[in-house]
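Chemist: Here you go, this is input_38.txt (compact mmCIF, C-alpha atoms).
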```
# COMPACT_ATOMS: atom_id res chain seq x y z
CA MET S 243 14.96 -68.64 -1.17
CA LYS S 244 18.73 -68.28 -1.27
CA ARG S 245 20.46 -70.07 1.58
CA TRP S 246 21.73 -67.88 4.38
CA ILE S 247 24.57 -70.14 5.35
CA THR S 248 27.48 -71.43 3.36
CA LEU S 249 28.17 -73.95 6.11
CA ALA S 250 25.23 -76.13 5.28
CA ALA S 251 24.09 -74.92 1.89
CA GLY S 252 21.51 -72.66 3.27
CA ALA S 253 18.31 -72.11 5.22
CA ALA S 254 15.52 -71.35 3.02
CA ALA S 255 12.24 -72.89 2.19
CA ILE S 256 12.40 -76.38 3.53
CA THR S 257 10.21 -79.37 3.45
CA LEU S 258 10.19 -83.01 3.30
CA ALA S 259 8.98 -86.20 2.05
CA THR S 260 6.96 -87.70 -0.69
CA ALA S 261 5.42 -91.03 -1.43
CA GLY S 262 7.13 -93.81 0.45
CA CYS S 263 7.47 -91.72 3.60
CA ALA S 264 4.14 -92.67 5.04
CA GLY S 265 5.53 -95.63 6.87
CA SER S 266 3.61 -95.79 10.10
CA SER S 267 3.07 -99.41 10.82
CA GLY S 268 1.44 -99.91 14.16
CA SER S 269 -0.69 -97.68 16.28
CA GLY S 270 1.95 -94.98 16.58
CA GLY S 271 1.40 -94.40 20.26
CA SER S 272 -2.34 -94.91 20.43
CA PRO S 273 -3.39 -95.92 23.96
CA SER S 274 -3.63 -99.65 24.49
CA SER S 275 -7.00 -100.94 25.57
CA ASN S 276 -5.23 -102.73 28.42
CA ALA S 277 -3.14 -99.73 29.53
CA PRO S 278 -3.85 -98.44 33.06
CA ALA S 279 -5.44 -95.03 33.39
CA ASN S 280 -2.93 -92.18 33.05
CA GLN S 281 -0.30 -94.64 31.81
CA PRO S 282 1.74 -93.13 28.93
CA ALA S 283 0.96 -94.81 25.63
CA ALA S 284 3.55 -97.24 24.31
CA ILE S 285 5.72 -95.86 21.51
CA THR S 286 5.65 -98.35 18.64
CA GLY S 287 5.78 -98.53 14.87
CA ASP S 288 7.77 -96.68 12.24
CA VAL S 289 8.72 -93.03 12.66
CA THR S 290 9.71 -91.35 9.41
CA VAL S 291 12.32 -88.62 9.83
CA TRP S 292 13.49 -86.37 7.02
CA LEU S 293 16.41 -83.99 7.49
CA MET S 294 18.18 -81.90 4.89
CA THR S 295 21.58 -82.68 3.48
CA GLY S 296 24.33 -81.14 5.59
CA SER S 297 22.08 -80.43 8.55
CA ALA S 298 23.46 -82.94 11.05
CA PRO S 299 26.60 -85.09 11.13
CA ASP S 300 26.10 -88.75 10.23
CA SER S 301 27.62 -89.75 13.55
CA LEU S 302 24.90 -87.80 15.37
CA THR S 303 21.95 -89.20 13.45
CA SER S 304 23.26 -92.76 13.61
CA ALA S 305 23.65 -92.59 17.40
CA LEU S 306 20.33 -90.80 17.82
CA ASN S 307 18.36 -93.28 15.75
CA LYS S 308 19.91 -96.27 17.52
CA GLU S 309 19.25 -94.82 20.97
CA PHE S 310 15.65 -94.06 20.05
CA GLU S 311 15.02 -97.60 18.82
CA ASP S 312 16.76 -99.12 21.86
CA LYS S 313 14.71 -96.92 24.18
CA HIS S 314 11.45 -97.81 22.44
CA PRO S 315 11.44 -101.50 21.43
CA GLY S 316 9.09 -102.10 18.55
CA THR S 317 9.95 -98.82 16.81
CA HIS S 318 11.96 -98.27 13.66
CA VAL S 319 13.36 -94.95 12.47
CA LYS S 320 13.01 -94.50 8.72
CA TYR S 321 15.65 -91.82 8.29
CA GLU S 322 16.18 -90.22 4.89
CA ILE S 323 18.17 -87.21 3.74
CA GLN S 324 16.59 -84.68 1.41
CA GLN S 325 18.31 -82.43 -1.12
CA TRP S 326 17.68 -78.69 -1.15
CA ASN S 327 16.93 -78.53 -4.85
CA GLY S 328 13.17 -78.79 -5.35
CA ILE S 329 12.40 -79.31 -1.69
CA GLN S 330 9.80 -76.54 -1.48
CA GLN S 331 7.41 -78.32 -3.81
CA LYS S 332 8.12 -81.65 -2.12
CA LEU S 333 7.11 -80.28 1.24
CA THR S 334 4.00 -78.62 -0.11
CA THR S 335 2.91 -81.91 -1.66
CA ALA S 336 3.78 -84.00 1.37
CA LEU S 337 2.06 -81.77 3.89
CA ALA S 338 -1.13 -81.79 1.83
CA SER S 339 -1.20 -85.58 1.80
CA GLN S 340 -2.61 -88.00 4.35
CA ALA S 341 0.74 -89.74 4.75
CA PRO S 342 3.48 -87.16 5.39
CA PRO S 343 6.68 -87.92 7.31
CA ASP S 344 6.46 -87.82 11.10
CA VAL S 345 9.33 -85.38 11.66
CA ILE S 346 10.46 -82.77 9.17
CA GLU S 347 13.11 -80.08 8.99
CA ILE S 348 11.86 -76.73 7.78
CA GLY S 349 13.54 -73.38 7.18
CA ASN S 350 13.00 -70.96 10.02
CA THR S 351 11.76 -68.18 7.73
CA GLN S 352 9.23 -70.56 6.15
CA THR S 353 7.73 -72.03 9.33
CA PRO S 354 4.99 -69.39 9.76
CA GLN S 355 3.83 -69.96 6.18
CA PHE S 356 3.14 -73.64 6.74
CA ALA S 357 1.78 -73.06 10.23
CA SER S 358 -0.76 -70.62 8.85
CA GLN S 359 -1.95 -73.27 6.40
CA GLY S 360 -2.87 -75.62 9.24
CA VAL S 361 -0.52 -78.39 8.13
CA LEU S 362 1.78 -78.41 11.18
CA ALA S 363 0.97 -79.82 14.60
CA ASP S 364 0.67 -77.42 17.54
CA LEU S 365 3.57 -78.18 19.92
CA SER S 366 2.82 -75.47 22.49
CA ASN S 367 2.20 -78.00 25.26
CA ASP S 368 5.41 -79.89 24.49
CA VAL S 369 7.94 -77.07 24.77
CA ASN S 370 9.00 -77.89 28.35
CA ASP S 371 9.56 -81.54 27.45
CA MET S 372 11.88 -80.50 24.65
CA ASN S 373 14.35 -78.49 26.73
CA GLY S 374 12.28 -75.35 26.20
CA SER S 375 14.09 -73.25 28.80
CA GLN S 376 17.26 -73.54 26.71
CA TRP S 377 15.81 -72.68 23.32
CA LEU S 378 17.59 -70.09 21.25
CA LYS S 379 15.14 -67.20 21.37
CA GLY S 380 15.50 -66.07 17.78
CA LEU S 381 14.66 -69.54 16.50
CA LYS S 382 11.88 -70.02 19.04
CA ASP S 383 10.23 -66.87 17.72
CA SER S 384 10.56 -68.07 14.14
CA GLY S 385 8.65 -71.25 15.02
CA THR S 386 5.77 -69.32 16.56
CA PHE S 387 2.62 -68.30 14.71
CA ASP S 388 -0.42 -66.54 16.12
CA GLY S 389 0.68 -67.27 19.68
CA LYS S 390 1.28 -71.00 19.22
CA GLN S 391 4.49 -72.99 18.82
CA TYR S 392 4.80 -75.04 15.66
CA GLY S 393 8.55 -75.35 15.26
CA VAL S 394 11.27 -76.70 17.56
CA PRO S 395 14.63 -74.95 17.05
CA PHE S 396 17.14 -77.22 15.31
CA TYR S 397 20.27 -75.21 14.53
CA ALA S 398 21.34 -71.72 13.56
CA ALA S 399 24.15 -69.67 12.14
CA ASN S 400 24.66 -65.95 11.90
CA ARG S 401 26.93 -63.39 10.40
CA GLU S 402 30.08 -61.86 11.83
CA VAL S 403 32.92 -59.72 10.55
CA LEU S 404 35.75 -61.78 9.05
CA TYR S 405 39.03 -59.92 8.77
CA ARG S 406 42.68 -60.16 7.82
CA LYS S 407 44.69 -60.24 11.04
CA ASP S 408 47.92 -59.44 9.22
CA MET S 409 46.47 -56.32 7.62
CA PHE S 410 45.09 -55.12 10.93
CA GLN S 411 48.49 -55.55 12.53
CA GLN S 412 50.28 -53.71 9.74
CA ALA S 413 47.77 -50.85 10.03
CA GLY S 414 48.47 -50.54 13.76
CA ILE S 415 45.14 -51.98 14.88
CA SER S 416 45.86 -53.94 18.04
CA ALA S 417 42.35 -55.31 18.69
CA PRO S 418 39.10 -55.70 16.72
CA PRO S 419 36.59 -52.84 17.06
CA THR S 420 33.84 -53.07 19.67
CA SER S 421 31.70 -50.13 18.51
CA ASN S 422 30.61 -48.45 15.30
CA ASP S 423 32.95 -45.53 15.95
CA GLU S 424 35.94 -47.81 16.42
CA TRP S 425 34.97 -49.73 13.30
CA LEU S 426 34.92 -46.57 11.20
CA ALA S 427 38.23 -45.45 12.73
CA ASP S 428 39.82 -48.78 11.82
CA ILE S 429 38.58 -48.41 8.25
CA ASP S 430 40.43 -45.09 8.10
CA LYS S 431 43.60 -46.71 9.45
CA LEU S 432 43.43 -49.46 6.85
CA LYS S 433 42.92 -46.92 4.08
CA ALA S 434 45.89 -44.91 5.32
CA LYS S 435 48.12 -47.98 5.24
CA PHE S 436 46.98 -49.71 2.06
CA GLY S 437 45.03 -47.04 0.19
CA SER S 438 47.81 -46.43 -2.34
CA ASP S 439 46.72 -49.70 -3.95
CA PRO S 440 43.69 -48.77 -6.11
CA ASP S 441 42.28 -52.28 -5.74
CA PHE S 442 42.36 -52.32 -1.94
CA GLN S 443 39.09 -52.36 0.03
CA PRO S 444 39.14 -52.06 3.82
CA LEU S 445 35.59 -53.44 3.85
CA TYR S 446 33.84 -55.30 1.06
CA MET S 447 30.19 -54.23 1.38
CA PRO S 448 27.74 -55.12 -1.40
CA GLY S 449 24.75 -52.84 -1.73
CA GLN S 450 22.06 -55.45 -1.13
CA ASN S 451 23.33 -57.33 1.92
CA TRP S 452 20.02 -56.91 3.70
CA TYR S 453 20.95 -59.46 6.36
CA ALA S 454 23.64 -57.03 7.52
CA LEU S 455 21.16 -54.16 7.28
CA LEU S 456 18.91 -55.96 9.79
CA SER S 457 21.69 -55.80 12.38
CA PHE S 458 21.99 -52.04 11.99
CA ILE S 459 18.23 -51.48 12.07
CA TRP S 460 17.79 -53.62 15.18
CA ASP S 461 20.81 -52.02 16.85
CA ASN S 462 19.16 -48.63 16.48
CA GLY S 463 15.90 -49.85 17.99
CA GLY S 464 14.04 -50.32 14.72
CA ASP S 465 12.47 -53.30 12.99
CA ILE S 466 11.25 -54.41 9.58
CA ALA S 467 7.64 -54.87 10.62
CA LYS S 468 5.53 -55.13 13.74
CA GLY S 469 3.01 -57.87 14.27
CA SER S 470 -0.37 -57.99 15.92
CA GLY S 471 -1.56 -61.56 15.97
CA ALA S 472 -1.14 -62.84 12.42
CA LYS S 473 -1.10 -59.35 10.89
CA PHE S 474 2.13 -57.45 10.20
CA THR S 475 2.70 -53.81 9.33
CA ALA S 476 5.99 -52.56 7.84
CA THR S 477 8.02 -50.11 9.94
CA LEU S 478 10.93 -49.31 7.64
CA ASP S 479 9.95 -45.63 7.65
CA SER S 480 10.59 -45.25 11.39
CA ALA S 481 13.38 -42.98 12.59
CA GLU S 482 15.16 -45.99 14.08
CA ALA S 483 15.07 -47.97 10.83
CA LYS S 484 16.33 -44.94 8.92
CA ALA S 485 19.24 -44.65 11.37
CA GLY S 486 20.21 -48.23 10.58
CA LEU S 487 20.01 -47.51 6.85
CA ALA S 488 22.14 -44.39 7.31
CA PHE S 489 24.86 -46.38 9.07
CA TYR S 490 24.90 -48.90 6.24
CA LYS S 491 25.55 -46.04 3.82
CA LYS S 492 28.27 -44.64 6.09
CA LEU S 493 30.10 -47.97 5.94
CA VAL S 494 29.80 -48.11 2.16
CA ASP S 495 30.96 -44.53 1.70
CA SER S 496 33.76 -44.67 4.28
CA SER S 497 35.24 -47.86 2.93
CA GLY S 498 35.01 -46.87 -0.71
CA THR S 499 34.02 -50.47 -1.40
CA LYS S 500 33.99 -51.57 -5.00
CA ALA S 501 31.21 -54.04 -4.38
CA PRO S 502 28.14 -53.65 -6.63
CA LYS S 503 25.35 -51.55 -5.17
CA ASP S 504 22.73 -53.46 -7.11
CA ASN S 505 23.60 -56.99 -6.00
CA ASP S 506 24.02 -58.95 -2.80
CA GLU S 507 26.88 -60.88 -1.21
CA ALA S 508 26.36 -63.87 -3.50
CA THR S 509 26.72 -61.98 -6.79
CA PRO S 510 29.64 -62.20 -7.08
CA GLN S 511 30.47 -64.55 -4.23
CA GLN S 512 32.17 -62.34 -1.67
CA ALA S 513 34.38 -65.17 -0.41
CA GLY S 514 36.01 -65.23 -3.83
CA ILE S 515 36.64 -61.48 -3.71
CA TYR S 516 38.14 -61.83 -0.23
CA ALA S 517 40.43 -64.61 -1.47
CA GLY S 518 42.01 -62.16 -3.91
CA GLY S 519 44.01 -60.60 -1.09
CA LYS S 520 42.83 -57.01 -1.57
CA VAL S 521 40.04 -57.00 1.05
CA ALA S 522 40.61 -56.51 4.76
CA MET S 523 37.05 -57.25 6.03
CA PHE S 524 33.65 -58.53 4.99
CA ILE S 525 30.43 -59.50 6.79
CA GLY S 526 29.75 -63.20 6.34
CA VAL S 527 29.29 -66.62 7.89
CA PRO S 528 32.19 -68.80 9.10
CA GLY S 529 31.95 -71.24 6.21
CA GLU S 530 32.97 -68.53 3.78
CA VAL S 531 36.54 -68.71 5.11
CA ALA S 532 36.79 -72.30 3.88
CA THR S 533 35.39 -71.19 0.53
CA ALA S 534 38.05 -68.50 0.25
CA ALA S 535 40.74 -71.00 1.23
CA LYS S 536 39.96 -73.07 -1.85
CA THR S 537 41.49 -70.21 -3.85
CA ASP S 538 44.15 -69.21 -1.33
CA PRO S 539 44.95 -71.95 1.21
CA THR S 540 47.01 -69.52 3.31
CA ILE S 541 44.09 -67.20 3.98
CA LYS S 542 42.60 -69.34 6.74
CA ASP S 543 45.52 -68.74 9.10
CA LYS S 544 45.42 -65.04 8.30
CA THR S 545 41.71 -64.63 9.07
CA GLY S 546 40.09 -63.70 12.37
CA ALA S 547 36.53 -62.86 13.34
CA PHE S 548 34.66 -60.42 15.56
CA PRO S 549 30.96 -59.75 16.19
CA ILE S 550 29.25 -57.04 14.16
CA PRO S 551 29.87 -53.95 16.30
CA GLY S 552 27.01 -51.92 17.73
CA LYS S 553 26.56 -48.25 18.36
CA THR S 554 27.22 -48.79 22.07
CA ALA S 555 30.84 -49.60 22.91
CA GLY S 556 31.30 -53.17 24.07
CA LYS S 557 27.85 -54.27 22.92
CA SER S 558 27.60 -56.06 19.59
CA ALA S 559 24.69 -55.52 17.22
CA PRO S 560 21.82 -58.03 17.08
CA VAL S 561 22.19 -60.59 14.29
CA PHE S 562 19.82 -62.39 11.98
CA LEU S 563 19.60 -66.06 12.90
CA GLY S 564 19.32 -68.22 9.84
CA GLY S 565 18.68 -71.87 10.34
CA SER S 566 16.13 -74.60 10.64
CA ASN S 567 13.28 -75.73 12.83
CA LEU S 568 11.87 -79.20 13.31
CA ALA S 569 8.15 -79.80 13.00
CA ILE S 570 5.54 -82.53 13.04
CA PRO S 571 2.95 -82.54 10.24
CA VAL S 572 -0.61 -82.40 11.50
CA ASN S 573 -1.40 -85.52 9.43
CA ALA S 574 1.60 -87.49 10.69
CA LYS S 575 0.53 -91.04 11.56
CA ASN S 576 2.91 -91.49 14.49
CA GLN S 577 2.86 -88.19 16.34
CA ALA S 578 3.54 -89.78 19.72
CA ALA S 579 6.79 -91.30 18.44
CA ALA S 580 7.64 -88.08 16.64
CA LYS S 581 7.41 -86.10 19.87
CA GLU S 582 9.61 -88.59 21.69
CA TYR S 583 12.14 -88.34 18.87
CA LEU S 584 12.22 -84.56 19.16
CA LYS S 585 12.62 -84.81 22.93
CA LEU S 586 15.71 -86.93 22.46
CA LEU S 587 17.17 -84.76 19.70
CA SER S 588 16.67 -81.60 21.77
CA SER S 589 18.56 -83.04 24.75
CA THR S 590 21.93 -81.64 25.78
CA LYS S 591 23.70 -84.79 24.59
CA TYR S 592 22.73 -84.38 20.96
CA GLN S 593 22.78 -80.60 20.96
CA THR S 594 26.43 -80.81 22.03
CA GLN S 595 27.15 -83.11 19.11
CA LEU S 596 25.41 -80.65 16.80
CA ALA S 597 27.68 -77.90 18.09
CA GLN S 598 30.71 -80.10 17.52
CA GLY S 599 29.60 -80.25 13.89
CA GLY S 600 29.96 -76.47 13.63
CA PHE S 601 26.40 -75.23 14.19
CA VAL S 602 24.84 -73.15 16.92
CA PRO S 603 22.49 -75.62 18.65
CA GLY S 604 18.85 -74.56 18.76
CA THR S 605 17.81 -76.04 22.09
CA SER S 606 20.91 -75.57 24.21
CA THR S 607 22.64 -72.46 25.51
CA ASP S 608 25.85 -74.48 25.94
CA VAL S 609 28.01 -73.55 22.97
CA SER S 610 31.33 -74.53 24.54
CA ALA S 611 31.83 -77.19 21.86
CA LEU S 612 32.40 -74.33 19.40
CA ASP S 613 35.09 -72.63 21.49
CA SER S 614 37.99 -74.27 19.68
CA ASP S 615 36.97 -72.79 16.32
CA PRO S 616 37.98 -69.11 16.03
CA TYR S 617 35.10 -68.32 13.67
CA ALA S 618 32.32 -70.53 15.05
CA SER S 619 33.01 -69.40 18.62
CA VAL S 620 32.41 -65.76 17.67
CA MET S 621 29.26 -66.75 15.80
CA ALA S 622 27.98 -68.69 18.80
CA LYS S 623 28.48 -65.83 21.23
CA ALA S 624 26.72 -63.40 18.90
CA SER S 625 23.80 -65.81 18.47
CA THR S 626 22.57 -65.08 21.99
CA ASN S 627 21.61 -61.65 20.65
CA GLY S 628 20.00 -63.16 17.58
CA ARG S 629 16.63 -62.38 16.07
CA ALA S 630 14.33 -63.65 13.36
CA VAL S 631 12.52 -61.92 10.53
CA PRO S 632 8.83 -61.17 11.11
CA ALA S 633 6.91 -64.41 11.65
CA SER S 634 4.54 -63.66 8.81
CA PRO S 635 3.17 -66.47 6.64
CA LYS S 636 3.89 -64.20 3.68
CA TRP S 637 7.58 -63.70 4.43
CA GLY S 638 8.61 -66.27 1.84
CA ASP S 639 7.18 -63.96 -0.82
CA VAL S 640 9.50 -61.20 0.40
CA GLU S 641 12.64 -63.25 -0.01
CA SER S 642 11.74 -65.14 -3.16
CA GLY S 643 10.39 -62.18 -5.12
CA GLN S 644 11.35 -58.56 -5.66
CA ASN S 645 12.74 -58.00 -2.18
CA PRO S 646 11.78 -54.44 -1.07
CA LEU S 647 14.77 -54.29 1.29
CA LYS S 648 17.20 -54.85 -1.58
CA ASP S 649 15.45 -52.30 -3.75
CA MET S 650 15.53 -49.78 -0.91
CA LEU S 651 19.25 -50.23 -0.36
CA THR S 652 20.17 -49.86 -4.00
CA ALA S 653 17.96 -46.81 -4.50
CA TYR S 654 19.40 -45.06 -1.44
CA LEU S 655 23.06 -45.99 -1.96
CA THR S 656 23.04 -44.90 -5.60
CA GLY S 657 21.37 -41.59 -4.77
CA LYS S 658 18.29 -42.30 -6.86
CA LYS S 659 16.12 -41.79 -3.78
CA THR S 660 16.45 -40.00 -0.48
CA ALA S 661 16.20 -41.98 2.72
CA ASP S 662 12.60 -40.80 3.17
CA GLN S 663 11.64 -41.78 -0.36
CA ALA S 664 13.43 -45.13 -0.29
CA THR S 665 11.97 -46.21 3.05
CA ALA S 666 8.46 -45.00 2.17
CA ASP S 667 8.50 -46.98 -1.07
CA ALA S 668 9.93 -50.05 0.62
CA ASN S 669 7.31 -49.80 3.35
CA ALA S 670 4.49 -49.70 0.80
CA ALA S 671 5.92 -52.67 -1.13
CA LEU S 672 6.45 -54.68 2.06
CA ASN S 673 2.92 -54.00 3.29
CA LYS S 674 1.58 -55.17 -0.05
CA LEU S 675 3.50 -58.45 0.24
CA LEU S 676 2.70 -59.06 3.90
CA GLY S 677 -0.94 -58.05 3.48
```
Take the structure I supplied and represent it as structure tokens, if you would.

Modeler:
Amino acid sequence: MKRWITLAAGAAAITLATAGCAGSSGSGGSPSSNAPANQPAAITGDVTVWLMTGSAPDSLTSALNKEFEDKHPGTHVKYEIQQWNGIQQKLTTALASQAPPDVIEIGNTQTPQFASQGVLADLSNDVNDMNGSQWLKGLKDSGTFDGKQYGVPFYAANREVLYRKDMFQQAGISAPPTSNDEWLADIDKLKAKFGSDPDFQPLYMPGQNWYALLSFIWDNGGDIAKGSGAKFTATLDSAEAKAGLAFYKKLVDSSGTKAPKDNDEATPQQAGIYAGGKVAMFIGVPGEVATAAKTDPTIKDKTGAFPIPGKTAGKSAPVFLGGSNLAIPVNAKNQAAAKEYLKLLSSTKYQTQLAQGGFVPGTSTDVSALDSDPYASVMAKASTNGRAVPASPKWGDVESGQNPLKDMLTAYLTGKKTADQATADANAALNKLLG
């Protein structure tokens, strides 16, 4: 699955570990024969922790691992960083073994898949001990399967509108839009000011940016699919979902964007298009500003951000939360230590450090550490209205294969299908995948 976030190289199918990660010397928290009744078991032995490259600052993990070992004498954290390339197969192999790591990072859209296979430990009774009241709801939902909690939110990121402050000022736009109507009006103002340049685009909007489409569908009261237990039924043919699709088309048509209608924001990389100086806005993640600045170092100071506007003035649209969860394999040898490790990582202390690294923390509503960054602060505020894709164990097939949402967008935007036809076909394809 293509990563959702440029900041950390993405949030897709995640997994961990292979041979050499077994490492559980000691009882791993098994009750001592001499322990008094109701006495918590001692935490001893190795605890193997695998996180993905770019997920947490080295300063955070170093401090966390030291504090854990100091707090639990006789333990040792075997911390290793995994690369994204090939990680899906690694996780599948590790979770099927009798010696997986004790703590793993896993993509939030992939968590239900592994939970449905019975390879993740049920953490439902541990939520309160892991700062559960502060969990980011969108990530909490992504770690839930069939009414049970298998994933602990780790971090998230979401999309926002990145824009050229200088162009807005020259077009007479004094403040970013706070509603769909204002957004469309600002597009007209930008066209009036810069439209004589045939290469100018007030909004760069590729035809298959389905992450942005989710915001419009949710904002209109629709959804991709509805679940009943572990079963999901597509709802793209609802009036609400069609309203979201119609607004997507209105943005494309109003802006006259030159972005391809048959590709997404990564083909070509939209940050590179933005860096060319002919685009006033695009929907992306904060890290894309740094990518654009590699081509034009001056663009960072010229760029601002605002939440994706909603149809109601002053209320931004819901956003897709991409990110990671943390989980404990059901075959982990040191589950007691693993749970204590997650308790410490989910504390305010380390969630604040995670925020200082530029991410929206998964188990803390305190995002003040992001306030100093003009892009991350907007992302953090929007994250409180974040949502996840349907928690179906089959969702990975949607993203990794012939994505019906992308096909629907292209067919509708190019006029090959009406809204009714495009949504009906997408609904049928989605039901087939989720079935």

Chemist: Go through S:Leu612, S:Leu455, S:Gln663, S:Asp428 and flag the residue nearest Arg401 of chain S, using only C-alpha atoms for the distances.

Modeler: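 For Arg401 of chain S, the nearest of the candidates is S:Leu455.
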
Chemist: For the atom pair atom CA of Phe356 of chain S and atom CA of Asn451 of chain S, what is the interatomic distance in Å to one decimal place?

Modeler: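 Straight-line distance from atom CA of Phe356 of chain S to atom CA of Asn451 of chain S works out to 26.4 Å.
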
Chemist: What residues have an atom no more than 12 Å from (27.0, -58.9, -2.9) in the file's own frame, counting all atoms listed in the file, and can you write them as a ChimeraX atom specification?

Modeler: /S:446-454,499-516,524-526,648,651-652

Chemist: Mind checking which residues fall within 7 Å of segment 296-311 of chain S, counting only C-alpha atoms, ignoring those fewer than 4 positions away in the same chain, and posting them as a short mmCIF file (atom, residue, chain, number, x, y, z; two decimals) with C-alpha atoms, keeping the file's coordinate frame?

Modeler:
```
data_model
loop_
_atom_site.label_atom_id
_atom_site.label_comp_id
_atom_site.auth_asym_id
_atom_site.auth_seq_id
_atom_site.Cartn_x
_atom_site.Cartn_y
_atom_site.Cartn_z
CA ALA S 250 25.23 -76.13 5.28
CA PRO S 315 11.44 -101.50 21.43
CA THR S 317 9.95 -98.82 16.81
CA HIS S 318 11.96 -98.27 13.66
CA VAL S 319 13.36 -94.95 12.47
CA TYR S 583 12.14 -88.34 18.87
CA TYR S 592 22.73 -84.38 20.96
CA GLN S 595 27.15 -83.11 19.11
CA LEU S 596 25.41 -80.65 16.80
CA GLY S 599 29.60 -80.25 13.89
#
```

Chemist: Please provide as a PyMOL selection string all residues within 8 Å of Thr554 of chain S, with the sequence filter that same-chain residues fewer than 3 positions apart are discarded (counting only C-alpha atoms).

Modeler: chain S and resi 421-422+557-558

Chemist: Suppose you want the space between atom CA of Asp538 of chain S and atom CA of Asp615 of chain S; what is it in Å?

Modeler: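 Computing it gives 19.4 Å between the two atoms.
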
Chemist: Using all atoms of segment 649-653 of chain S that appear in the file, construct an axis-aligned enclosing box with 6 Å of padding on every side and provide its centre coordinates and edge lengths in Å, rounded to one decimal, as lines of an AutoDock Vina configuration file.

Modeler:
```
center_x = 17.8
center_y = -49.6
center_z = -2.4
size_x = 16.7
size_y = 17.5
size_z = 16.1
```

Chemist: Quick one: residues within 10 Å of Ser339 of chain S, only C-alpha atoms, excluding same-chain residues fewer than 2 positions away - as a PDB file with C-alpha atoms, in the coordinates of the input?

Modeler:
```pdb
ATOM      1  CA  THR S 260       6.960 -87.700  -0.690  1.00  0.00           C
ATOM      2  CA  ALA S 261       5.420 -91.030  -1.430  1.00  0.00           C
ATOM      3  CA  ALA S 264       4.140 -92.670   5.040  1.00  0.00           C
ATOM      4  CA  LEU S 333       7.110 -80.280   1.240  1.00  0.00           C
ATOM      5  CA  THR S 334       4.000 -78.620  -0.110  1.00  0.00           C
ATOM      6  CA  THR S 335       2.910 -81.910  -1.660  1.00  0.00           C
ATOM      7  CA  ALA S 336       3.780 -84.000   1.370  1.00  0.00           C
ATOM      8  CA  LEU S 337       2.060 -81.770   3.890  1.00  0.00           C
ATOM      9  CA  ALA S 341       0.740 -89.740   4.750  1.00  0.00           C
ATOM     10  CA  PRO S 342       3.480 -87.160   5.390  1.00  0.00           C
ATOM     11  CA  PRO S 343       6.680 -87.920   7.310  1.00  0.00           C
ATOM     12  CA  VAL S 361      -0.520 -78.390   8.130  1.00  0.00           C
ATOM     13  CA  PRO S 571       2.950 -82.540  10.240  1.00  0.00           C
ATOM     14  CA  ASN S 573      -1.400 -85.520   9.430  1.00  0.00           C
ATOM     15  CA  ALA S 574       1.600 -87.490  10.690  1.00  0.00           C
TER      16      ALA S 574
END
```

Chemist: Can you tell me, as a PyMOL selection string, what residues are no more than 10 Å from segment 404-420 of chain S when counting all atoms listed in the file, ignoring any on the same chain fewer than 5 positions away?

Modeler: chain S and resi 425-436+444-445+516+519-528+530-531+541-559+617

Chemist: Find the spatial neighbours of Leu675 of chain S, counting only C-alpha atoms, within a cut-off of 12 Å - ignore same-chain residues fewer than 6 positions away - and output them as a ChimeraX atom specification.

Modeler: /S:467,473-476,634-646,668-669

Chemist: Taking all atoms listed in the file into account, which of S:Asn400, S:Ser375, S:Ser589, S:Thr477 comes nearest Ala618 of chain S?

Modeler: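 Nearest candidate to Ala618 of chain S out of S:Asn400, S:Ser375, S:Ser589, S:Thr477: S:Asn400.
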
Chemist: Pick from S:Val345, S:Trp326, S:Met294, S:Leu647: nearest to Lys575 of chain S, with all atoms listed in the file counted?

Modeler: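 Result for the nearest residue to Lys575 of chain S: S:Val345.
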
Chemist: When you count all atoms listed in the file, which of these residues is closest to Gly389 of chain S: S:Asp649, S:Asp423, S:Asp371, S:Asp364?

Modeler: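 Nearest to Gly389 of chain S: S:Asp364.
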
Chemist: What does the structure give for the distance between atom CA of Ile323 of chain S and atom CA of Phe387 of chain S, in Å to one decimal?

Modeler: 26.8 Å

Chemist: With distances taken over all atoms listed in the file, which residue among S:Tyr392, S:Asn367, S:Leu293, S:Val572 lies nearest Gln340 of chain S?

Modeler: S:Val572

Chemist: For Ala399 of chain S, which of S:Ala579, S:Ala488, S:Met621, S:Ala661 is the closest residue, counting all atoms listed in the file?

Modeler: S:Met621

Chemist: Could I get the residues of segment 392-494 of chain S with an atom no further than 9 Å from an atom of segment 653-657 of chain S, each paired with its nearest atom pair and that distance in Å to one decimal, using all atoms listed in the file, sorted by chain and residue number, as a Markdown table?

Modeler:
```
| residue | atom | partner | partner_atom | distance |
| --- | --- | --- | --- | --- |
| S:Gly449 | CA | S:Leu655 | CA | 7.1 |
| S:Leu487 | CA | S:Tyr654 | CA | 8.7 |
| S:Tyr490 | CA | S:Leu655 | CA | 8.9 |
| S:Lys491 | CA | S:Leu655 | CA | 6.3 |
| S:Val494 | CA | S:Leu655 | CA | 8.2 |
```

Chemist: Grab the residues selected above and save them as a compact mmCIF listing (two decimals), keeping the file's coordinate frame with C-alpha atoms.

Modeler:
```txt
# COMPACT_ATOMS: atom_id res chain seq x y z
CA GLY S 449 24.75 -52.84 -1.73
CA LEU S 487 20.01 -47.51 6.85
CA TYR S 490 24.90 -48.90 6.24
CA LYS S 491 25.55 -46.04 3.82
CA VAL S 494 29.80 -48.11 2.16
```
